[in-house]
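**Student:** Handing you a structure now.
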Amino acid sequence: MVGAHGRLAELRQIKRDVLDGPSARATEAQHAKGKLTARERIALLLDMDSFTELEPLRRHRATGFGLEARKPYTDGVITGWGTVHGRTVFVYAHDFRVFGGALGEAHAQKIHKVMDLADSAGAPLVSLNDGAGARIQEGVTALAGYGGIFRRNTRASGVIPQISVMLGPCAGGAAYSPALTDFVFMVRETSQMFITGPDVVKAVTGEEITHNGLGGADVHAALSGVAHFAYDDERICLEEVRYLLSLLPQNNRELPPALPGDDRDDRPCDALVDLVPADAARPYDMRAVIEEIVDHGEHFEVHAAWAGSVVCTLARLGGQVVGIVGNQPCVQAGVLDIHSSEKAARFVQTCDAFNIPLVTLLDVPGFLPGVGQEHGGIIRHGAKLLYAYCNATVPRVQLILRKAYGGAYIVMDSRSIGSDLSFAWPTNEIAVMGAEGAAGVVFRREIAAADDPEAARARLIAEYREQLMHPYYAAERGLVDDVIDPRDTRRLLIASLRTLRAKHADLPSRKHGNPPM
């Protein structure tokens with residue numbers, strides 16, 4: 001009979017085996033691919049010595065195809081919780097060294113458990129993905145495991161922050177779990193996501209493409225918009241995940257964490273006077289405006305490489321986290337198109353879900369015209385942004401820097417769709433359309449009948465601009481709350497958001513809205 005000390009020795013040996021993983025050779029193979037092991041990743045993500053593991057001794061119970069002879073501990077996924085900057089975070093990490101990180105019944109049940117715990121505890125969930133998809137030897141049981149993950153992703157949506165970190169392959173149905181989460185991080189060269197791989201694509205369409213060319217980090221960060229962030233190596237990526245978590249609340253019932261700021265609330269923004277040209281046709285970088293306004297010039301841009309005509313970023317103003325949406329005049333003059341509308345709509349919705357106030361910086365000439373845009377559904381996609389703003393209950397402040405034309409002005413959180421406060425710089429031009437286009441429509445016959453059509457056109461454009469597009473026209477009609485000195489922008493935004501911090505707005509009683517999809 002084995003005594004207590006013998007059992008403890010046995011337990012210590014089993015725990016050592018669990019921590020060591022399947023074999024030194026498997027670990028070397030993982031490192032040879034430029035990838036860290038699951039435990040190394042968790043150690044980088046979480047605060048030192050804060051990780052508590054769940055079910056490290058779990059093994060699968062499948063038989064057939066030699067599985068009964070291979071029953072490694074953890075079953076290829078490491079789950080548990082720890083802290084990031086002292087706050088609780090739940091995590092699961094696929095271990096590619098065990099069955100290639102493929103998902104089977106026991107593997108899925110471990111993930112289900114940690115997801116349920118994160119939901120119950122009201123704490124963020126981070127998934128470190130590096131798996132080969134469903135474990136084929138377990139058949140449909142593995143597929144059902146994915147269904148359970150998708151259902152839990154959906155149930156937790158807007159309740160707790162969910163972050164997917166892609167650190168290896170993610171193919172087939174497995175790719176839908178990251179797509180259901182709030183933020184997706186990818187690492188160049190080592191991570192890929194696709195529904196059908198290059199071999200299937202070639203067999204069906206004849207197209208030849210590499211794994212990275214089909215679903216690599218830069219593809220999803222710049223072309224598809226599936227990935228919000230892309231980095232060169234895992235260490236930088238995981239450090240940035242930690243930073244993002246520092247900007248998010250634990251759940252939808254809390255406010256984002258505030259920090260005591262040493263950047264003066266009333267710091268004048270002198271550079272803004274010359275940063276934005278008065279000539280509406282001249283471009284500038286909206287990021288430079290944001291950096292001048294926010295605390296210490298620091299912000300964390302979301303989808304930086306995709307849909308560049310709009311900037312969506314998280315920052316702090318007076319120590320409080322804010323979400324900033326700004327048109328980008330140096331990319332397509334800052335127009336709203338299909339992708340930028342979708343990008344901004346998703347960002348607005350995410351900020352609203354997690355109690356992050358919204359600041360909208362407006363310099364928009366309108367929606368992008370064109371057959372491709374119309375046939376591609378710009379009406380439907382533009383309506384996504386309109387719906388997201390109209391449905392948002394967080395504090396909302398609009399600032400019009402320069403152009404604000406047509407329907408795009410309305411969509412970009414105008415007073416008429418519920419912005420709490422709206423301010424404008426003296427360079428603002430709020431109108432149905434630009435003066436040149438408006439004069440061509442309103443005075444078409446007069447211009448055509450004039451002895452000198454060009455002189456008449458120039459005179460009528462100036463007349464239209466003077467009567468309907470001067471900087472104070474909207475303020476006189478209560479469409480903006482004030483026209484402000486750009487140098488006062490930071491002070492006024494901080495004061496406005498502080499005033500609105502206790503804002504409470506109830507939505508109608510309903511099961512859910514039916515937004516354009």
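Every chain in the structure tokens has a letter given in the order shown (A, B, ...), and although residue numbers restart at 1 in each chain, ligands are simply numbered from 1 in the order shown.
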If you run DSSP on this backbone, which residues of range 334-388 of chain A come out as helix (DSSP H, G or I), and could you give them as a PyMOL selection string?
**Tutor:** chain A and resi 334+338-353+371-376+378-388
**Student:** Could you dump the residues just selected with N, CA, C and O atoms as a short mmCIF file (atom, residue, chain, number, x, y, z; two decimals), in the first residue's frame?
**Tutor:**
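Dumped to part22.cif:
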data_model
loop_
_atom_site.label_atom_id
_atom_site.label_comp_id
_atom_site.auth_asym_id
_atom_site.auth_seq_id
_atom_site.Cartn_x
_atom_site.Cartn_y
_atom_site.Cartn_z
N GLY A 334 -10.34 61.36 -46.85
CA GLY A 334 -11.14 61.06 -45.65
C GLY A 334 -12.56 60.63 -45.94
O GLY A 334 -13.42 60.69 -45.05
N ILE A 338 -17.12 51.58 -48.26
CA ILE A 338 -17.66 50.35 -47.69
C ILE A 338 -16.83 49.89 -46.50
O ILE A 338 -17.35 49.62 -45.41
N HIS A 339 -15.52 49.79 -46.70
CA HIS A 339 -14.67 49.24 -45.64
C HIS A 339 -14.52 50.18 -44.45
O HIS A 339 -14.55 49.74 -43.30
N SER A 340 -14.35 51.48 -44.71
CA SER A 340 -14.18 52.39 -43.59
C SER A 340 -15.46 52.51 -42.77
O SER A 340 -15.41 52.68 -41.55
N SER A 341 -16.62 52.42 -43.42
CA SER A 341 -17.88 52.44 -42.68
C SER A 341 -18.00 51.23 -41.77
O SER A 341 -18.40 51.33 -40.61
N GLU A 342 -17.61 50.07 -42.31
CA GLU A 342 -17.67 48.84 -41.52
C GLU A 342 -16.68 48.87 -40.37
O GLU A 342 -16.99 48.47 -39.24
N LYS A 343 -15.48 49.36 -40.65
CA LYS A 343 -14.44 49.46 -39.62
C LYS A 343 -14.88 50.36 -38.48
O LYS A 343 -14.78 49.99 -37.30
N ALA A 344 -15.37 51.54 -38.81
CA ALA A 344 -15.79 52.48 -37.77
C ALA A 344 -17.01 51.97 -37.02
O ALA A 344 -17.10 52.15 -35.80
N ALA A 345 -17.93 51.32 -37.72
CA ALA A 345 -19.13 50.79 -37.06
C ALA A 345 -18.77 49.75 -36.01
O ALA A 345 -19.30 49.76 -34.89
N ARG A 346 -17.87 48.87 -36.36
CA ARG A 346 -17.44 47.83 -35.42
C ARG A 346 -16.76 48.45 -34.20
O ARG A 346 -16.98 48.03 -33.06
N PHE A 347 -15.94 49.45 -34.44
CA PHE A 347 -15.22 50.11 -33.34
C PHE A 347 -16.19 50.83 -32.41
O PHE A 347 -16.09 50.73 -31.18
N VAL A 348 -17.13 51.57 -32.99
CA VAL A 348 -18.14 52.27 -32.18
C VAL A 348 -18.93 51.27 -31.34
O VAL A 348 -19.17 51.49 -30.15
N GLN A 349 -19.32 50.18 -31.95
CA GLN A 349 -20.09 49.16 -31.25
C GLN A 349 -19.30 48.55 -30.10
O GLN A 349 -19.84 48.32 -29.01
N THR A 350 -18.01 48.29 -30.33
CA THR A 350 -17.15 47.72 -29.29
C THR A 350 -16.99 48.69 -28.13
O THR A 350 -17.09 48.30 -26.96
N CYS A 351 -16.72 49.95 -28.44
CA CYS A 351 -16.59 50.95 -27.38
C CYS A 351 -17.87 51.08 -26.57
O CYS A 351 -17.83 51.14 -25.33
N ASP A 352 -19.00 51.09 -27.25
CA ASP A 352 -20.27 51.20 -26.55
C ASP A 352 -20.52 50.00 -25.65
O ASP A 352 -21.01 50.14 -24.53
N ALA A 353 -20.15 48.81 -26.13
CA ALA A 353 -20.37 47.60 -25.33
C ALA A 353 -19.59 47.64 -24.02
O ALA A 353 -20.06 47.13 -23.00
N VAL A 371 -19.53 53.16 -59.17
CA VAL A 371 -20.36 51.99 -59.45
C VAL A 371 -20.00 50.85 -58.51
O VAL A 371 -20.87 50.16 -57.98
N GLY A 372 -18.69 50.66 -58.30
CA GLY A 372 -18.26 49.57 -57.42
C GLY A 372 -18.79 49.72 -56.01
O GLY A 372 -19.19 48.74 -55.38
N GLN A 373 -18.78 50.95 -55.51
CA GLN A 373 -19.29 51.20 -54.17
C GLN A 373 -20.80 50.95 -54.10
O GLN A 373 -21.30 50.33 -53.16
N GLU A 374 -21.53 51.44 -55.07
CA GLU A 374 -22.98 51.25 -55.07
C GLU A 374 -23.35 49.78 -55.19
O GLU A 374 -24.19 49.26 -54.45
N HIS A 375 -22.71 49.09 -56.12
CA HIS A 375 -23.00 47.66 -56.31
C HIS A 375 -22.50 46.83 -55.14
O HIS A 375 -23.03 45.75 -54.86
N GLY A 376 -21.47 47.32 -54.47
CA GLY A 376 -20.94 46.60 -53.31
C GLY A 376 -21.74 46.80 -52.05
O GLY A 376 -21.46 46.17 -51.03
N ILE A 378 -22.75 50.12 -50.54
CA ILE A 378 -22.36 51.22 -49.67
C ILE A 378 -23.54 51.69 -48.81
O ILE A 378 -23.36 52.13 -47.67
N ILE A 379 -24.76 51.59 -49.34
CA ILE A 379 -25.93 51.98 -48.55
C ILE A 379 -26.04 51.11 -47.31
O ILE A 379 -26.21 51.59 -46.18
N ARG A 380 -25.91 49.81 -47.50
CA ARG A 380 -26.02 48.87 -46.37
C ARG A 380 -24.86 49.04 -45.40
O ARG A 380 -25.05 49.04 -44.17
N HIS A 381 -23.65 49.18 -45.92
CA HIS A 381 -22.49 49.30 -45.04
C HIS A 381 -22.45 50.64 -44.33
O HIS A 381 -22.06 50.73 -43.17
N GLY A 382 -22.83 51.71 -45.03
CA GLY A 382 -22.91 53.01 -44.38
C GLY A 382 -23.95 53.00 -43.27
O GLY A 382 -23.77 53.65 -42.23
N ALA A 383 -25.03 52.24 -43.49
CA ALA A 383 -26.08 52.15 -42.47
C ALA A 383 -25.58 51.44 -41.21
O ALA A 383 -26.11 51.67 -40.12
N LYS A 384 -24.56 50.60 -41.35
CA LYS A 384 -23.98 49.95 -40.16
C LYS A 384 -23.40 51.00 -39.22
O LYS A 384 -23.58 50.92 -37.99
N LEU A 385 -22.68 51.97 -39.78
CA LEU A 385 -22.09 53.01 -38.94
C LEU A 385 -23.17 53.90 -38.34
O LEU A 385 -23.11 54.27 -37.17
N LEU A 386 -24.16 54.23 -39.14
CA LEU A 386 -25.28 55.03 -38.65
C LEU A 386 -25.98 54.32 -37.50
O LEU A 386 -26.27 54.92 -36.45
N TYR A 387 -26.23 53.05 -37.65
CA TYR A 387 -26.90 52.26 -36.61
C TYR A 387 -26.05 52.21 -35.34
O TYR A 387 -26.56 52.37 -34.22
N ALA A 388 -24.74 51.98 -35.51
CA ALA A 388 -23.86 51.86 -34.35
C ALA A 388 -23.86 53.14 -33.52
O ALA A 388 -23.94 53.10 -32.28
#
**Student:** Excluding same-chain residues fewer than 4 positions from Asp199 in chain A, what lies within 10 Å of it counting only C-alpha atoms, as a list in words?
**Tutor:**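 Non-adjacent residues within range: Ala203, Val204, Gly206, Glu207, Glu208, Ile209, Thr210 and His211 of chain A.
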**Student:** Generate the output file for the selected residues, N, CA, C and O atoms, as a CSV table (one decimal), in the first residue's frame.
**Tutor:**
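To be explicit, this is the file written out as result32.csv:
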chain,number,residue,atom,x,y,z
A,203,ALA,N,-7.3,22.9,-56.0
A,203,ALA,CA,-8.1,21.8,-56.6
A,203,ALA,C,-9.4,22.3,-57.1
A,203,ALA,O,-9.9,21.9,-58.2
A,204,VAL,N,-10.0,23.3,-56.5
A,204,VAL,CA,-11.3,23.8,-56.9
A,204,VAL,C,-11.2,24.9,-58.0
A,204,VAL,O,-12.0,24.9,-58.9
A,206,GLY,N,-8.0,26.2,-59.3
A,206,GLY,CA,-6.8,26.2,-60.1
A,206,GLY,C,-5.8,27.3,-59.7
A,206,GLY,O,-4.7,27.4,-60.2
A,207,GLU,N,-6.2,28.1,-58.7
A,207,GLU,CA,-5.3,29.2,-58.2
A,207,GLU,C,-4.2,28.6,-57.3
A,207,GLU,O,-4.5,27.8,-56.4
A,208,GLU,N,-3.0,29.1,-57.5
A,208,GLU,CA,-1.9,28.7,-56.7
A,208,GLU,C,-1.5,29.8,-55.8
A,208,GLU,O,-1.3,31.0,-56.2
A,209,ILE,N,-1.4,29.5,-54.5
A,209,ILE,CA,-1.1,30.6,-53.5
A,209,ILE,C,-0.5,29.9,-52.3
A,209,ILE,O,-0.7,28.8,-51.9
A,210,THR,N,0.4,30.7,-51.6
A,210,THR,CA,1.0,30.2,-50.4
A,210,THR,C,0.1,30.3,-49.2
A,210,THR,O,-0.9,31.0,-49.2
A,211,HIS,N,0.5,29.7,-48.1
A,211,HIS,CA,-0.4,29.8,-46.8
A,211,HIS,C,-0.4,31.3,-46.4
A,211,HIS,O,-1.5,31.7,-46.0
**Student:** Would you kindly return, as a PyMOL selection string, each protein, DNA or RNA residue with an atom no farther than 9 Å from any atom of range 46-58 of chain A, considering only C-alpha atoms and excluding same-chain residues fewer than 5 positions away?
**Tutor:** chain A and resi 14-15+18-19+41+72-75+77-86+89+106-107+110+113-114+242
**Student:** How far is it from CA of Glu301 in chain A to CA of Met412 in chain A, in Å with one decimal?
**Tutor:**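 For CA of Glu301 in chain A relative to CA of Met412 in chain A, the distance reads 18.4 Å.
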**Student:** For Gly513 in chain A, please output as a compact mmCIF listing (two decimals) with all heavy atoms, in the first residue's frame all residues within 12 Å (counting only C-alpha atoms; exclusion window: fewer than 4 positions along the same chain).
**Tutor:**
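Now in result-v9.txt:
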# COMPACT_ATOMS: atom_id res chain seq x y z
N TYR A 387 -26.23 53.05 -37.65
CA TYR A 387 -26.90 52.26 -36.61
C TYR A 387 -26.05 52.21 -35.34
O TYR A 387 -26.56 52.37 -34.22
CB TYR A 387 -27.19 50.85 -37.12
CG TYR A 387 -28.05 50.02 -36.20
CD1 TYR A 387 -29.40 49.87 -36.44
CD2 TYR A 387 -27.51 49.38 -35.08
CE1 TYR A 387 -30.20 49.12 -35.60
CE2 TYR A 387 -28.29 48.62 -34.23
CZ TYR A 387 -29.64 48.49 -34.50
OH TYR A 387 -30.43 47.74 -33.66
N ALA A 388 -24.74 51.98 -35.51
CA ALA A 388 -23.86 51.86 -34.35
C ALA A 388 -23.86 53.14 -33.52
O ALA A 388 -23.94 53.10 -32.28
CB ALA A 388 -22.44 51.53 -34.80
N CYS A 390 -26.24 55.58 -33.56
CA CYS A 390 -27.58 55.83 -33.02
C CYS A 390 -27.88 54.94 -31.82
O CYS A 390 -28.63 55.33 -30.92
CB CYS A 390 -28.64 55.59 -34.11
SG CYS A 390 -28.68 56.84 -35.41
N ASN A 391 -27.30 53.76 -31.80
CA ASN A 391 -27.57 52.79 -30.75
C ASN A 391 -26.65 52.95 -29.53
O ASN A 391 -26.88 52.34 -28.50
CB ASN A 391 -27.43 51.37 -31.32
CG ASN A 391 -28.17 50.34 -30.52
OD1 ASN A 391 -29.35 50.48 -30.22
ND2 ASN A 391 -27.49 49.26 -30.16
N LEU A 507 -32.24 52.10 -23.59
CA LEU A 507 -32.72 51.73 -24.91
C LEU A 507 -34.14 51.18 -24.80
O LEU A 507 -34.56 50.74 -23.73
CB LEU A 507 -31.80 50.68 -25.53
CG LEU A 507 -30.39 51.17 -25.90
CD1 LEU A 507 -29.53 50.01 -26.35
CD2 LEU A 507 -30.45 52.22 -27.00
N PRO A 508 -34.89 51.16 -25.88
CA PRO A 508 -36.25 50.61 -25.83
C PRO A 508 -36.25 49.15 -25.40
O PRO A 508 -35.27 48.41 -25.62
CB PRO A 508 -36.74 50.75 -27.28
CG PRO A 508 -35.86 51.78 -27.90
CD PRO A 508 -34.54 51.67 -27.21
N SER A 509 -37.33 48.72 -24.78
CA SER A 509 -37.46 47.32 -24.39
C SER A 509 -37.66 46.46 -25.64
O SER A 509 -38.63 46.64 -26.37
CB SER A 509 -38.66 47.16 -23.44
OG SER A 509 -38.84 45.81 -23.11
N MET A 517 -26.58 43.97 -41.78
CA MET A 517 -25.46 43.05 -41.60
C MET A 517 -24.59 42.99 -42.85
O MET A 517 -25.01 43.37 -43.91
CB MET A 517 -25.97 41.65 -41.27
CG MET A 517 -26.85 41.59 -40.03
SD MET A 517 -25.95 41.95 -38.51
CE MET A 517 -25.11 40.39 -38.26
**Student:** Which residues, written as an NGL selection string, have at least one atom at most 10 Å from range 448-462 of chain A, with only C-alpha atoms counted and residues fewer than 2 positions away on the same chain left out?
**Tutor:** :A and (434-440 or 442-446 or 464-467 or 469)
**Student:** CA of Leu336 in chain A and CA of Pro365 in chain A are how many Å apart?
**Tutor:**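 Computing the Euclidean distance for CA of Leu336 in chain A and CA of Pro365 in chain A yields 8.4 Å.
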**Student:** So that I can check the surroundings of Ile160 in chain A, please list as a list in words every protein, DNA and RNA residue that reaches within 7 Å of it, counting only C-alpha atoms and ignoring chain neighbours fewer than 4 positions away.
**Tutor:**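 Skipping anything fewer than 4 positions along the chain leaves Asp119, Gly122, Ala123, Pro124, Ala156, Gln250, Asn251 and Asn252 of chain A.
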**Student:** Take the residues just selected and output them with C-alpha atoms as a short mmCIF file (atom, residue, chain, number, x, y, z; two decimals), in the first residue's frame.
**Tutor:**
data_model
loop_
_atom_site.label_atom_id
_atom_site.label_comp_id
_atom_site.auth_asym_id
_atom_site.auth_seq_id
_atom_site.Cartn_x
_atom_site.Cartn_y
_atom_site.Cartn_z
CA ASP A 119 -18.30 34.66 -18.19
CA GLY A 122 -16.85 38.77 -15.37
CA ALA A 123 -13.24 38.80 -16.54
CA PRO A 124 -11.60 39.00 -20.00
CA ALA A 156 -20.09 36.43 -23.95
CA GLN A 250 -13.20 43.69 -16.87
CA ASN A 251 -16.76 43.43 -18.18
CA ASN A 252 -19.71 45.47 -19.44
#
**Student:** Between CA of Asn428 in chain A and CA of Val359 in chain A, what is the distance in Å, rounded to a tenth?
**Tutor:**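 Separation of CA of Asn428 in chain A and CA of Val359 in chain A: 16.8 Å.
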**Student:** Pick from A:Gly326, A:Gly406, A:Gly133, A:Gly225: nearest to Ala305 in chain A, with only C-alpha atoms counted?
**Tutor:**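 Of A:Gly326, A:Gly406, A:Gly133, A:Gly225, the one nearest Ala305 in chain A, counting only C-alpha atoms, is A:Gly225.
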**Student:** I'd like to know which of A:His296, A:Arg498, A:Arg282, A:His112 is closest to Tyr92 in chain A, using only C-alpha atoms.
**Tutor:**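 Ranked by minimum distance to Tyr92 in chain A, first place goes to A:His112.
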**Student:** Measuring atom to atom with only C-alpha atoms, identify which of A:Val289, A:Leu117, A:Val187, A:Ala307 is nearest to Asp233 in chain A.
**Tutor:**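 Among the listed residues, the smallest separation from Asp233 in chain A belongs to A:Val187.
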**Student:** When distances are computed from only C-alpha atoms, which of A:Leu358, A:Ala144, A:Ala121, A:Ala43 shows the smallest separation from Val322 in chain A?
**Tutor:**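 Looking at the shortest contact to Val322 in chain A, the residue is A:Leu358.
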**Student:** List every residue of range 310-336 of chain A that has an atom at most 10 Å from any atom of range 264-273 of chain A, giving for each one its closest atom pair and the distance in Å to one decimal, counting only C-alpha atoms, sorted by chain and then by ascending residue number, as a tab-separated table.
**Tutor:**
residue	atom	partner	partner_atom	distance
A:Leu317	CA	A:Asp265	CA	7.8
A:Gly318	CA	A:Asp265	CA	5.7
A:Gly319	CA	A:Asp265	CA	9.2
**Student:** Among range 196-371 of chain A, which residues carry a DSSP assignment of strand (DSSP E), reported as a PyMOL selection string?
**Tutor:** chain A and resi 229-231+299-302+310-317+320-327+358-364
**Student:** Can you write out the residues you just picked, keeping N, CA and C atoms, as an mmCIF file, in the first residue's frame?
**Tutor:**
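That gives us selection-v3.cif:
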data_model
loop_
_atom_site.group_PDB
_atom_site.id
_atom_site.type_symbol
_atom_site.label_atom_id
_atom_site.label_comp_id
_atom_site.auth_asym_id
_atom_site.auth_seq_id
_atom_site.Cartn_x
_atom_site.Cartn_y
_atom_site.Cartn_z
ATOM 1 N N PHE A 229 -4.699 43.622 -35.479
ATOM 2 C CA PHE A 229 -3.292 43.963 -35.215
ATOM 3 C C PHE A 229 -2.396 42.882 -35.813
ATOM 4 N N ALA A 230 -1.226 43.268 -36.317
ATOM 5 C CA ALA A 230 -0.237 42.316 -36.835
ATOM 6 C C ALA A 230 1.144 42.730 -36.347
ATOM 7 N N TYR A 231 1.928 41.743 -35.897
ATOM 8 C CA TYR A 231 3.254 42.032 -35.333
ATOM 9 C C TYR A 231 4.287 41.054 -35.881
ATOM 10 N N HIS A 299 -1.574 56.677 -28.296
ATOM 11 C CA HIS A 299 -2.855 56.042 -28.625
ATOM 12 C C HIS A 299 -2.597 54.670 -29.239
ATOM 13 N N PHE A 300 -3.606 53.819 -29.219
ATOM 14 C CA PHE A 300 -3.480 52.428 -29.651
ATOM 15 C C PHE A 300 -4.463 52.212 -30.798
ATOM 16 N N GLU A 301 -3.941 52.311 -32.022
ATOM 17 C CA GLU A 301 -4.821 52.287 -33.190
ATOM 18 C C GLU A 301 -5.298 50.870 -33.513
ATOM 19 N N VAL A 302 -6.575 50.755 -33.807
ATOM 20 C CA VAL A 302 -7.213 49.487 -34.159
ATOM 21 C C VAL A 302 -7.409 49.444 -35.674
ATOM 22 N N VAL A 310 -10.359 56.151 -42.502
ATOM 23 C CA VAL A 310 -10.858 56.488 -41.167
ATOM 24 C C VAL A 310 -9.891 55.905 -40.134
ATOM 25 N N VAL A 311 -9.650 56.653 -39.075
ATOM 26 C CA VAL A 311 -8.768 56.217 -37.988
ATOM 27 C C VAL A 311 -9.622 55.867 -36.781
ATOM 28 N N CYS A 312 -9.408 54.697 -36.221
ATOM 29 C CA CYS A 312 -10.093 54.261 -34.998
ATOM 30 C C CYS A 312 -9.027 53.906 -33.973
ATOM 31 N N THR A 313 -9.069 54.542 -32.822
ATOM 32 C CA THR A 313 -7.982 54.343 -31.873
ATOM 33 C C THR A 313 -8.461 54.516 -30.437
ATOM 34 N N LEU A 314 -7.771 53.843 -29.519
ATOM 35 C CA LEU A 314 -8.021 53.978 -28.089
ATOM 36 C C LEU A 314 -6.923 54.842 -27.479
ATOM 37 N N ALA A 315 -7.321 55.734 -26.590
ATOM 38 C CA ALA A 315 -6.350 56.633 -25.963
ATOM 39 C C ALA A 315 -6.880 57.039 -24.591
ATOM 40 N N ARG A 316 -6.166 57.943 -23.953
ATOM 41 C CA ARG A 316 -6.630 58.502 -22.675
ATOM 42 C C ARG A 316 -6.701 60.020 -22.779
ATOM 43 N N LEU A 317 -7.733 60.567 -22.183
ATOM 44 C CA LEU A 317 -7.884 62.009 -22.043
ATOM 45 C C LEU A 317 -8.124 62.302 -20.568
ATOM 46 N N GLN A 320 -8.629 59.141 -18.484
ATOM 47 C CA GLN A 320 -9.781 58.288 -18.787
ATOM 48 C C GLN A 320 -9.663 57.730 -20.197
ATOM 49 N N VAL A 321 -10.023 56.463 -20.359
ATOM 50 C CA VAL A 321 -9.964 55.818 -21.673
ATOM 51 C C VAL A 321 -11.082 56.362 -22.568
ATOM 52 N N VAL A 322 -10.738 56.663 -23.815
ATOM 53 C CA VAL A 322 -11.728 57.096 -24.806
ATOM 54 C C VAL A 322 -11.472 56.361 -26.115
ATOM 55 N N GLY A 323 -12.524 56.207 -26.902
ATOM 56 C CA GLY A 323 -12.399 55.709 -28.259
ATOM 57 C C GLY A 323 -12.524 56.883 -29.212
ATOM 58 N N ILE A 324 -11.588 57.009 -30.130
ATOM 59 C CA ILE A 324 -11.584 58.139 -31.069
ATOM 60 C C ILE A 324 -11.784 57.622 -32.486
ATOM 61 N N VAL A 325 -12.754 58.206 -33.173
ATOM 62 C CA VAL A 325 -12.993 57.921 -34.588
ATOM 63 C C VAL A 325 -12.736 59.210 -35.354
ATOM 64 N N GLY A 326 -11.849 59.167 -36.344
ATOM 65 C CA GLY A 326 -11.535 60.372 -37.101
ATOM 66 C C GLY A 326 -11.354 60.084 -38.573
ATOM 67 N N ASN A 327 -11.928 60.919 -39.419
ATOM 68 C CA ASN A 327 -11.659 60.799 -40.854
ATOM 69 C C ASN A 327 -10.193 61.103 -41.113
ATOM 70 N N LEU A 358 -16.963 58.027 -26.590
ATOM 71 C CA LEU A 358 -16.574 58.210 -27.984
ATOM 72 C C LEU A 358 -16.336 59.680 -28.307
ATOM 73 N N VAL A 359 -15.215 59.939 -28.958
ATOM 74 C CA VAL A 359 -14.917 61.263 -29.506
ATOM 75 C C VAL A 359 -14.787 61.103 -31.018
ATOM 76 N N THR A 360 -15.561 61.868 -31.779
ATOM 77 C CA THR A 360 -15.539 61.774 -33.235
ATOM 78 C C THR A 360 -14.950 63.051 -33.816
ATOM 79 N N LEU A 361 -13.856 62.904 -34.560
ATOM 80 C CA LEU A 361 -13.167 64.028 -35.192
ATOM 81 C C LEU A 361 -13.541 64.042 -36.674
ATOM 82 N N LEU A 362 -14.217 65.095 -37.081
ATOM 83 C CA LEU A 362 -14.877 65.104 -38.383
ATOM 84 C C LEU A 362 -14.163 65.979 -39.398
ATOM 85 N N ASP A 363 -13.830 65.379 -40.535
ATOM 86 C CA ASP A 363 -13.350 66.104 -41.705
ATOM 87 C C ASP A 363 -13.647 65.226 -42.906
ATOM 88 N N VAL A 364 -14.897 65.230 -43.340
ATOM 89 C CA VAL A 364 -15.359 64.241 -44.307
ATOM 90 C C VAL A 364 -16.046 64.919 -45.493
#
**Student:** Using only C-alpha atoms, which of the listed residues (A:Ile410, A:Val432, A:Val394, A:Leu247) sits closest to Ala502 in chain A?
**Tutor:**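 Between A:Ile410, A:Val432, A:Val394, A:Leu247, the residue approaching Ala502 in chain A most closely is A:Val394.
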